[in-house]
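Peer 1: Got a file for you: coords_24.pdb, PDB, C-alpha atoms.
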MODEL        1
ATOM      1  CA  MET A  51      87.589 122.137  87.307
ATOM      2  CA  THR A  52      90.097 124.004  85.139
ATOM      3  CA  PRO A  53      88.530 125.155  81.842
ATOM      4  CA  LEU A  54      89.929 123.410  78.773
ATOM      5  CA  ASP A  55      92.066 125.508  76.447
ATOM      6  CA  ARG A  56      90.973 124.301  73.043
ATOM      7  CA  SER A  57      93.507 126.541  71.319
ATOM      8  CA  SER A  58      96.418 124.962  73.198
ATOM      9  CA  ASP A  59      98.946 122.645  71.601
ATOM     10  CA  ARG A  60      98.409 120.300  74.561
ATOM     11  CA  ALA A  61      95.943 117.572  73.607
ATOM     12  CA  ILE A  62      92.496 117.834  75.184
ATOM     13  CA  TYR A  63      92.748 114.381  76.779
ATOM     14  CA  ARG A  64      96.015 115.433  78.439
ATOM     15  CA  GLN A  65      94.362 118.557  79.813
ATOM     16  CA  ILE A  66      91.572 116.417  81.287
ATOM     17  CA  ALA A  67      94.197 114.084  82.775
ATOM     18  CA  ASP A  68      95.988 117.143  84.210
ATOM     19  CA  ASP A  69      92.757 118.255  85.856
ATOM     20  CA  LEU A  70      92.031 114.846  87.373
ATOM     21  CA  ARG A  71      95.656 114.448  88.450
ATOM     22  CA  ALA A  72      95.523 117.791  90.253
ATOM     23  CA  ASP A  73      92.379 116.651  92.091
ATOM     24  CA  ILE A  74      94.133 113.433  93.160
ATOM     25  CA  THR A  75      97.388 115.023  94.289
ATOM     26  CA  GLY A  76      95.457 117.857  95.922
ATOM     27  CA  GLY A  77      93.360 115.467  98.004
ATOM     28  CA  VAL A  78      90.002 116.097  96.349
ATOM     29  CA  HIS A  79      89.941 112.386  95.546
ATOM     30  CA  GLY A  80      91.729 110.197  98.086
ATOM     31  CA  PRO A  81      93.101 106.635  97.910
ATOM     32  CA  GLY A  82      90.361 104.194  96.985
ATOM     33  CA  ASP A  83      87.893 106.910  95.942
ATOM     34  CA  ARG A  84      85.831 106.283  92.848
ATOM     35  CA  LEU A  85      86.488 108.913  90.191
ATOM     36  CA  PRO A  86      83.710 110.550  88.142
ATOM     37  CA  SER A  87      82.307 108.249  85.474
ATOM     38  CA  GLU A  88      83.003 108.576  81.765
ATOM     39  CA  SER A  89      79.478 109.962  81.279
ATOM     40  CA  ASP A  90      80.027 112.574  84.019
ATOM     41  CA  LEU A  91      83.281 113.721  82.449
ATOM     42  CA  VAL A  92      81.842 113.776  78.932
ATOM     43  CA  ALA A  93      79.144 116.144  80.217
ATOM     44  CA  ARG A  94      81.566 118.177  82.330
ATOM     45  CA  TYR A  95      84.164 118.800  79.628
ATOM     46  CA  LYS A  96      81.849 118.586  76.606
ATOM     47  CA  VAL A  97      84.059 116.058  74.836
ATOM     48  CA  ASN A  98      83.447 112.619  73.392
ATOM     49  CA  ARG A  99      83.810 109.408  75.390
ATOM     50  CA  ARG A 100      86.968 108.379  73.543
ATOM     51  CA  THR A 101      88.767 111.512  74.756
ATOM     52  CA  VAL A 102      87.851 110.724  78.358
ATOM     53  CA  GLN A 103      89.024 107.128  77.930
ATOM     54  CA  HIS A 104      92.407 108.384  76.687
ATOM     55  CA  ALA A 105      92.703 110.607  79.772
ATOM     56  CA  PHE A 106      91.972 107.675  82.084
ATOM     57  CA  ALA A 107      94.424 105.450  80.196
ATOM     58  CA  LEU A 108      97.163 108.006  80.793
ATOM     59  CA  LEU A 109      96.472 108.134  84.537
ATOM     60  CA  ILE A 110      96.353 104.331  84.748
ATOM     61  CA  ALA A 111      99.703 104.086  82.949
ATOM     62  CA  GLU A 112     101.140 106.556  85.486
ATOM     63  CA  GLY A 113      99.969 104.347  88.336
ATOM     64  CA  LEU A 114      97.655 106.977  89.829
ATOM     65  CA  VAL A 115      94.413 105.229  88.866
ATOM     66  CA  TYR A 116      93.223 101.652  88.476
ATOM     67  CA  SER A 117      90.176 100.256  86.738
ATOM     68  CA  GLU A 118      87.686  97.662  87.951
ATOM     69  CA  HIS A 119      85.542  96.127  85.245
ATOM     70  CA  GLY A 120      81.941  97.161  85.671
ATOM     71  CA  SER A 121      82.684  99.401  88.651
ATOM     72  CA  GLY A 122      84.681 102.340  87.301
ATOM     73  CA  ARG A 123      88.042 103.954  87.932
ATOM     74  CA  PHE A 124      89.539 104.453  91.363
ATOM     75  CA  VAL A 125      92.444 106.326  92.910
ATOM     76  CA  GLN A 126      95.352 103.997  93.483
ATOM     77  CA  GLY A 127      95.701 103.622  97.227
ATOM     78  CA  ARG A 128      99.128 102.085  97.551
ATOM     79  CA  PRO A 129     102.675 103.054  96.538
ATOM     80  CA  PRO A 130     104.607 100.665  94.295
ATOM     81  CA  VAL A 131     105.923  97.442  95.807
ATOM     82  CA  ARG A 132     109.666  97.792  96.362
ATOM     83  CA  ARG A 133     111.128  94.604  94.968
ATOM     84  CA  LEU A 134     114.450  93.954  96.721
ATOM     85  CA  ALA A 135     116.393  91.692  94.392
ATOM     86  CA  SER A 136     119.187  91.169  96.912
ATOM     87  CA  ASP A 137     116.872  89.753  99.576
ATOM     88  CA  ARG A 138     113.774  88.196  98.024
ATOM     89  CA  PHE A 139     115.343  84.770  97.377
ATOM     90  CA  ALA A 140     117.253  84.513 100.649
ATOM     91  CA  ARG A 141     117.245  80.932 101.965
ATOM     92  CA  ARG A 142     116.031  82.085 105.368
ATOM     93  CA  HIS A 143     112.685  83.010 103.800
ATOM     94  CA  ARG A 144     112.247  79.530 102.309
ATOM     95  CA  ARG A 145     113.142  77.966 105.664
ATOM     96  CA  ALA A 146     110.408  80.119 107.198
ATOM     97  CA  GLY A 147     107.972  78.723 104.625
ATOM     98  CA  LYS A 148     107.712  81.922 102.586
ATOM     99  CA  ALA A 149     108.010  82.221  98.813
ATOM    100  CA  ALA A 150     109.590  85.365  97.332
ATOM    101  CA  PHE A 151     106.288  87.016  96.410
ATOM    102  CA  THR A 152     104.964  86.512  99.941
ATOM    103  CA  VAL A 153     108.062  88.230 101.328
ATOM    104  CA  GLU A 154     107.586  91.178  98.980
ATOM    105  CA  MET A 155     103.957  91.648  99.958
ATOM    106  CA  GLU A 156     104.764  91.449 103.675
ATOM    107  CA  GLN A 157     107.523  94.043 103.323
ATOM    108  CA  ALA A 158     105.133  96.306 101.396
ATOM    109  CA  GLY A 159     102.399  95.914 104.009
ATOM    110  CA  ARG A 160      99.945  94.440 101.503
ATOM    111  CA  ALA A 161      97.060  92.169 102.425
ATOM    112  CA  TYR A 162      98.039  88.986 100.581
ATOM    113  CA  ASP A 163      97.041  85.353 101.041
ATOM    114  CA  PRO A 164      98.802  82.903  98.697
ATOM    115  CA  ALA A 165      95.938  80.453  99.184
ATOM    116  CA  THR A 166      93.399  82.817  97.601
ATOM    117  CA  ASP A 167      95.327  85.508  95.717
ATOM    118  CA  VAL A 168      97.197  83.248  93.289
ATOM    119  CA  GLU A 169      95.209  82.033  90.286
ATOM    120  CA  MET A 170      96.551  78.956  88.487
ATOM    121  CA  LEU A 171      96.298  79.615  84.749
ATOM    122  CA  ASP A 172      98.066  76.512  83.466
ATOM    123  CA  LEU A 173      99.549  73.371  85.029
ATOM    124  CA  ARG A 174     100.786  70.716  82.616
ATOM    125  CA  THR A 175     103.793  68.940  81.189
ATOM    126  CA  GLY A 176     105.099  69.579  77.716
ATOM    127  CA  PRO A 177     107.979  70.985  75.692
ATOM    128  CA  ALA A 178     109.435  74.342  76.697
ATOM    129  CA  PRO A 179     109.537  77.212  74.182
ATOM    130  CA  ASP A 180     112.896  77.309  72.432
ATOM    131  CA  PRO A 181     114.308  80.314  74.362
ATOM    132  CA  ILE A 182     113.353  78.684  77.669
ATOM    133  CA  ALA A 183     114.727  75.299  76.608
ATOM    134  CA  GLY A 184     118.009  77.021  75.770
ATOM    135  CA  ARG A 185     118.208  78.538  79.234
ATOM    136  CA  LEU A 186     117.488  75.155  80.806
ATOM    137  CA  GLY A 187     120.124  73.462  78.665
ATOM    138  CA  LEU A 188     117.579  71.111  77.084
ATOM    139  CA  THR A 189     118.647  69.861  73.690
ATOM    140  CA  GLY A 190     116.541  66.773  72.946
ATOM    141  CA  ASP A 191     113.226  66.978  71.088
ATOM    142  CA  GLY A 192     111.698  64.732  73.740
ATOM    143  CA  ASP A 193     112.777  66.853  76.698
ATOM    144  CA  ARG A 194     109.708  67.807  78.695
ATOM    145  CA  VAL A 195     109.158  70.286  81.487
ATOM    146  CA  LEU A 196     106.509  71.096  84.021
ATOM    147  CA  ILE A 197     104.752  74.338  83.084
ATOM    148  CA  ARG A 198     103.181  76.377  85.891
ATOM    149  CA  ALA A 199     101.469  79.666  84.918
ATOM    150  CA  ARG A 200     100.002  81.843  87.684
ATOM    151  CA  ARG A 201      98.407  85.257  88.077
ATOM    152  CA  TYR A 202      98.916  87.169  91.329
ATOM    153  CA  VAL A 203      96.072  89.480  92.381
ATOM    154  CA  VAL A 204      96.623  91.585  95.502
ATOM    155  CA  GLU A 205      93.912  93.752  97.026
ATOM    156  CA  GLY A 206      91.913  93.367  93.829
ATOM    157  CA  LEU A 207      94.739  94.501  91.524
ATOM    158  CA  PRO A 208      96.536  92.031  89.222
ATOM    159  CA  LEU A 209     100.244  92.608  89.826
ATOM    160  CA  GLN A 210     102.031  89.941  87.836
ATOM    161  CA  VAL A 211     101.727  86.902  85.591
ATOM    162  CA  ALA A 212     104.474  84.305  86.006
ATOM    163  CA  THR A 213     105.152  81.057  84.162
ATOM    164  CA  SER A 214     107.693  78.641  85.629
ATOM    165  CA  TYR A 215     109.393  75.900  83.617
ATOM    166  CA  VAL A 216     110.983  73.078  85.638
ATOM    167  CA  PRO A 217     112.711  70.059  84.056
ATOM    168  CA  LEU A 218     110.358  67.129  84.472
ATOM    169  CA  ASP A 219     112.961  64.859  86.065
ATOM    170  CA  LEU A 220     113.273  67.410  88.894
ATOM    171  CA  ALA A 221     109.558  68.067  89.339
ATOM    172  CA  GLU A 222     108.188  64.506  89.216
ATOM    173  CA  GLY A 223     107.422  63.014  92.590
ATOM    174  CA  THR A 224     107.362  66.404  94.328
ATOM    175  CA  ALA A 225     104.677  68.941  95.275
ATOM    176  CA  ILE A 226     105.927  71.102  92.387
ATOM    177  CA  MET A 227     103.523  69.024  90.287
ATOM    178  CA  GLU A 228     100.606  70.152  92.468
ATOM    179  CA  THR A 229      98.591  73.370  92.411
ATOM    180  CA  ASP A 230      99.834  74.148  95.927
ATOM    181  CA  THR A 231     103.584  73.599  96.095
ATOM    182  CA  GLY A 232     103.592  74.044  99.866
ATOM    183  CA  PRO A 233     105.487  76.420 102.202
ATOM    184  CA  GLY A 234     108.399  78.173 100.536
ATOM    185  CA  GLY A 235     107.246  77.371  97.011
ATOM    186  CA  ILE A 236     109.116  75.713  94.150
ATOM    187  CA  TYR A 237     112.587  76.544  95.417
ATOM    188  CA  ALA A 238     111.931  75.029  98.832
ATOM    189  CA  ARG A 239     110.784  71.780  97.193
ATOM    190  CA  LEU A 240     113.842  71.693  94.911
ATOM    191  CA  GLU A 241     116.192  72.137  97.860
ATOM    192  CA  GLU A 242     114.374  69.466  99.865
ATOM    193  CA  ALA A 243     115.105  67.113  96.963
ATOM    194  CA  GLY A 244     118.817  67.920  97.191
ATOM    195  CA  HIS A 245     119.070  70.630  94.526
ATOM    196  CA  ARG A 246     120.567  73.440  96.601
ATOM    197  CA  LEU A 247     120.310  76.764  94.799
ATOM    198  CA  THR A 248     123.653  78.432  94.172
ATOM    199  CA  ARG A 249     122.797  81.450  92.043
ATOM    200  CA  ILE A 250     119.920  83.196  90.313
ATOM    201  CA  THR A 251     120.095  85.422  87.239
ATOM    202  CA  GLU A 252     117.477  87.896  86.047
ATOM    203  CA  ASP A 253     117.137  89.592  82.675
ATOM    204  CA  LEU A 254     114.559  92.347  82.367
ATOM    205  CA  ALA A 255     113.151  94.696  79.774
ATOM    206  CA  VAL A 256     110.307  97.194  79.658
ATOM    207  CA  GLU A 257     107.802  96.385  76.923
ATOM    208  CA  VAL A 258     104.353  97.358  75.750
ATOM    209  CA  ALA A 259     101.995  94.685  77.072
ATOM    210  CA  ALA A 260     100.894  92.176  74.443
ATOM    211  CA  GLU A 261      97.150  91.547  74.332
ATOM    212  CA  PRO A 262      97.076  88.370  76.496
ATOM    213  CA  VAL A 263      99.231  90.010  79.182
ATOM    214  CA  GLN A 264      97.294  93.276  78.938
ATOM    215  CA  ARG A 265      94.061  91.374  79.491
ATOM    216  CA  LEU A 266      95.364  89.338  82.434
ATOM    217  CA  LEU A 267      96.827  92.388  84.169
ATOM    218  CA  LYS A 268      93.783  94.537  83.262
ATOM    219  CA  LEU A 269      95.952  97.216  81.694
ATOM    220  CA  PRO A 270      94.983  99.800  79.074
ATOM    221  CA  VAL A 271      96.177  99.372  75.487
ATOM    222  CA  GLY A 272      99.783 100.522  75.190
ATOM    223  CA  ALA A 273     100.548 100.225  78.907
ATOM    224  CA  PRO A 274     104.097  99.195  79.855
ATOM    225  CA  VAL A 275     105.050  95.993  81.618
ATOM    226  CA  ILE A 276     108.317  94.786  83.076
ATOM    227  CA  HIS A 277     109.290  91.535  81.361
ATOM    228  CA  LEU A 278     111.588  89.616  83.673
ATOM    229  CA  VAL A 279     113.131  86.225  82.922
ATOM    230  CA  ARG A 280     114.736  84.515  85.924
ATOM    231  CA  THR A 281     116.952  81.439  85.823
ATOM    232  CA  ALA A 282     117.760  79.510  89.007
ATOM    233  CA  PHE A 283     120.829  77.272  89.192
ATOM    234  CA  ALA A 284     121.828  74.406  91.447
ATOM    235  CA  GLY A 285     125.539  74.096  90.790
ATOM    236  CA  ASP A 286     125.965  74.358  87.029
ATOM    237  CA  ARG A 287     122.479  73.121  86.228
ATOM    238  CA  ALA A 288     119.542  75.419  85.501
ATOM    239  CA  VAL A 289     116.675  74.020  87.574
ATOM    240  CA  GLU A 290     113.933  76.555  86.820
ATOM    241  CA  VAL A 291     113.190  79.401  84.433
ATOM    242  CA  CYS A 292     110.417  81.821  85.386
ATOM    243  CA  ASP A 293     109.034  84.079  82.654
ATOM    244  CA  THR A 294     107.271  86.968  84.417
ATOM    245  CA  TYR A 295     105.325  90.066  83.393
ATOM    246  CA  LEU A 296     104.840  92.726  86.071
ATOM    247  CA  ASN A 297     102.520  95.710  86.067
ATOM    248  CA  ALA A 298     105.195  98.374  85.542
ATOM    249  CA  THR A 299     103.415 100.984  87.654
ATOM    250  CA  ALA A 300     103.003  98.615  90.609
ATOM    251  CA  PHE A 301     106.664  97.758  91.223
ATOM    252  CA  GLU A 302     109.864  99.560  92.065
ATOM    253  CA  LEU A 303     112.936  97.397  91.442
ATOM    254  CA  SER A 304     115.895  97.673  93.791
ATOM    255  CA  TYR A 305     119.248  95.928  93.202
ATOM    256  CA  GLU A 306     122.374  95.734  95.311
ATOM    257  CA  LEU A 307     125.447  94.851  93.263
ATOM    258  CA  PRO A 308     128.976  94.020  94.418
ATOM    259  CA  ALA A 309     131.720  96.485  93.438
ATOM    260  CA  ARG A 310     134.885  94.472  93.198
TER
ENDMDL
END
What do you get writing this file as structure tokens?
Peer 2:
Amino acid sequence: MTPLDRSSDRAIYRQIADDLRADITGGVHGPGDRLPSESDLVARYKVNRRTVQHAFALLIAEGLVYSEHGSGRFVQGRPPVRRLASDRFARRHRRAGKAAFTVEMEQAGRAYDPATDVEMLDLRTGPAPDPIAGRLGLTGDGDRVLIRARRYVVEGLPLQVATSYVPLDLAEGTAIMETDTGPGGIYARLEEAGHRLTRITEDLAVEVAAEPVQRLLKLPVGAPVIHLVRTAFAGDRAVEVCDTYLNATAFELSYELPAR
């Protein structure tokens, strides 16, 4: 333990985070190890609990530490998932019965089972929010979509929350209406119905997690998320919009762009 310098301009909680970070990077605490409790650190550093909580929040935001409710804080045992935008939606994966998230987890070497690690948060029909309706080209007040909201939890860590919006005339009569859409996911079912995907666009921004997203991803207050909105097209028609929030410390985005 490095003694705290209470005369320093560096905030006390940052000094505590520095100390814990040095223990992690130095191998004192290895991947998956439980870190000292708040009470232990309060006694060790002679600070209040709030200061310790700020130190942990900083390490969680950096991706070095994760929190399990009722169990404590642990050293993050895995590097970020490298999300390959140029490959994840390749048709060969759908033909092999794999959705994009499954491909990502396999490439990252993560233990992931779509049958148990995807939590359905919402499955219903209704109107799309105005920005989503605009992307789908829906103009009528009576236009309805299928809404599918899911949370993906891998190795105990919530990684992303995704809500898909599919025009109802495309979803009805298919497994897209079901909790389990089957091998290859939504896009495989759309292509089986004759809606061959021709292009996919993604718009992303880094934001501070709003309370519902923060709670679902089990993030500290003020933690960043990657907000990604994807639109899939079959010809000129938008056939799905997926509004996704990713734990920003859990993903590394990789894009390959043509230079012509």
Peer 1: Written as a list in words, which residues does the PyMOL selection byres ((chain A and resi 230-233) around 8) give for the file shown?
Peer 2: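 Applied to this file, the PyMOL selection byres ((chain A and resi 230-233) around 8) selects Arg144, Ala146, Gly147, Lys148, Ala149, Ala225, Ile226, Met227, Glu228, Thr229, Gly234, Gly235, Ile236, Ala238 and Arg239 of chain A.
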Peer 1: Give me, please, the distance in Å between atom CA of Val256 of chain A and atom CA of Pro81 of chain A, quoted to one decimal.
Peer 2: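 Here the two named atoms are 26.8 Å from each other.
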Peer 1: Which value, in Å to one decimal, gives the distance between atom CA of Leu296 of chain A and atom CA of Asp253 of chain A?
Peer 2: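 Interatomic distance, atom CA of Leu296 of chain A to atom CA of Asp253 of chain A: 13.1 Å.
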Peer 1: Would you mind reading off the distance between atom CA of Ala221 of chain A and atom CA of Leu266 of chain A, one decimal, in Å?
Peer 2: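 Result for atom CA of Ala221 of chain A versus atom CA of Leu266 of chain A: 26.5 Å, one decimal.
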Peer 1: Taking into account all atoms listed in the file, which residue in the set A:Asp55, A:Asp167, A:Asp180, A:Asp73 is nearest to Pro208 of chain A?
Peer 2: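 The shortest atom-to-atom distance to Pro208 of chain A comes from A:Asp167.
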Peer 1: Any chance you could work out the residue set of the PyMOL selection byres ((chain A and resi 95) around 12) here, as a list of chain:residue names?
Peer 2: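 Applied to this file, the PyMOL selection byres ((chain A and resi 95) around 12) returns A:Met51, A:Thr52, A:Pro53, A:Leu54, A:Asp55, A:Arg56, A:Ile62, A:Tyr63, A:Gln65, A:Ile66, A:Ala67, A:Asp69, A:Leu70, A:Pro86, A:Glu88, A:Ser89, A:Asp90, A:Leu91, A:Val92, A:Ala93, A:Arg94, A:Lys96, A:Val97, A:Asn98, A:Arg99, A:Thr101, A:Val102, A:Ala105.
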Peer 1: Identify which of the residues A:Arg84, A:Arg60, A:Arg160, A:Arg246 lies closest to Val204 of chain A, counting all atoms listed in the file when measuring atom-to-atom distances.
Peer 2: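 When distances to Val204 of chain A are compared using all atoms listed in the file, the smallest one comes from A:Arg160.
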Peer 1: Within 6 Å of segment 270-290 of chain A, which residues of segment 156-231 of chain A show up? Give each one with its shortest atom-to-atom distance in Å (one decimal) and the two atoms involved, counting all atoms listed in the file, rows by chain then rising residue number, as CSV.
Peer 2:
residue,atom,partner,partner_atom,distance
A:Leu186,CA,A:Ala288,CA,5.1
A:Tyr215,CA,A:Glu290,CA,5.6
A:Val216,CA,A:Glu290,CA,4.7
Peer 1: Just write the chosen residues, C-alpha atoms, as a PDB file, in the frame of the given file.
Peer 2:
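Output below, filename result20.pdb:
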ATOM      1  CA  LEU A 186     117.488  75.155  80.806  1.00  0.00           C
ATOM      2  CA  TYR A 215     109.393  75.900  83.617  1.00  0.00           C
ATOM      3  CA  VAL A 216     110.983  73.078  85.638  1.00  0.00           C
TER       4      VAL A 216
END
Peer 1: Please evaluate the PyMOL selection byres ((chain A and resi 299) around 10) against the structure above and give the resulting residues as a ChimeraX atom specification.
Peer 2: /A:110-114,129-131,209,273-276,296-298,300-302
Peer 1: Have a look at A:Asp293, A:Gly82, A:Glu242, A:Arg310 and name the one nearest to Pro179 of chain A; count all atoms listed in the file.
Peer 2: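 Among A:Asp293, A:Gly82, A:Glu242, A:Arg310, it is A:Asp293 that comes nearest to Pro179 of chain A.
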Peer 1: Show me the residues close to (110.9, 69.1, 75.5) - anything with an atom within 10 Å, counting all atoms listed in the file - and format the list as a list in words.
Peer 2: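 The residues that fall inside the cut-off are Thr175, Gly176, Pro177, Ala178, Pro179, Asp180, Ala183, Leu188, Thr189, Gly190, Asp191, Gly192, Asp193, Arg194, Val195, Leu196, Pro217 and Leu218 of chain A.
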Peer 1: Calculated over all atoms listed in the file, which of the candidates A:Ala61, A:Ile250, A:Ala165, A:Val115 has the smallest distance to Ala140 of chain A?
Peer 2: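 Counting all atoms listed in the file, the residue closest to Ala140 of chain A is A:Ile250.
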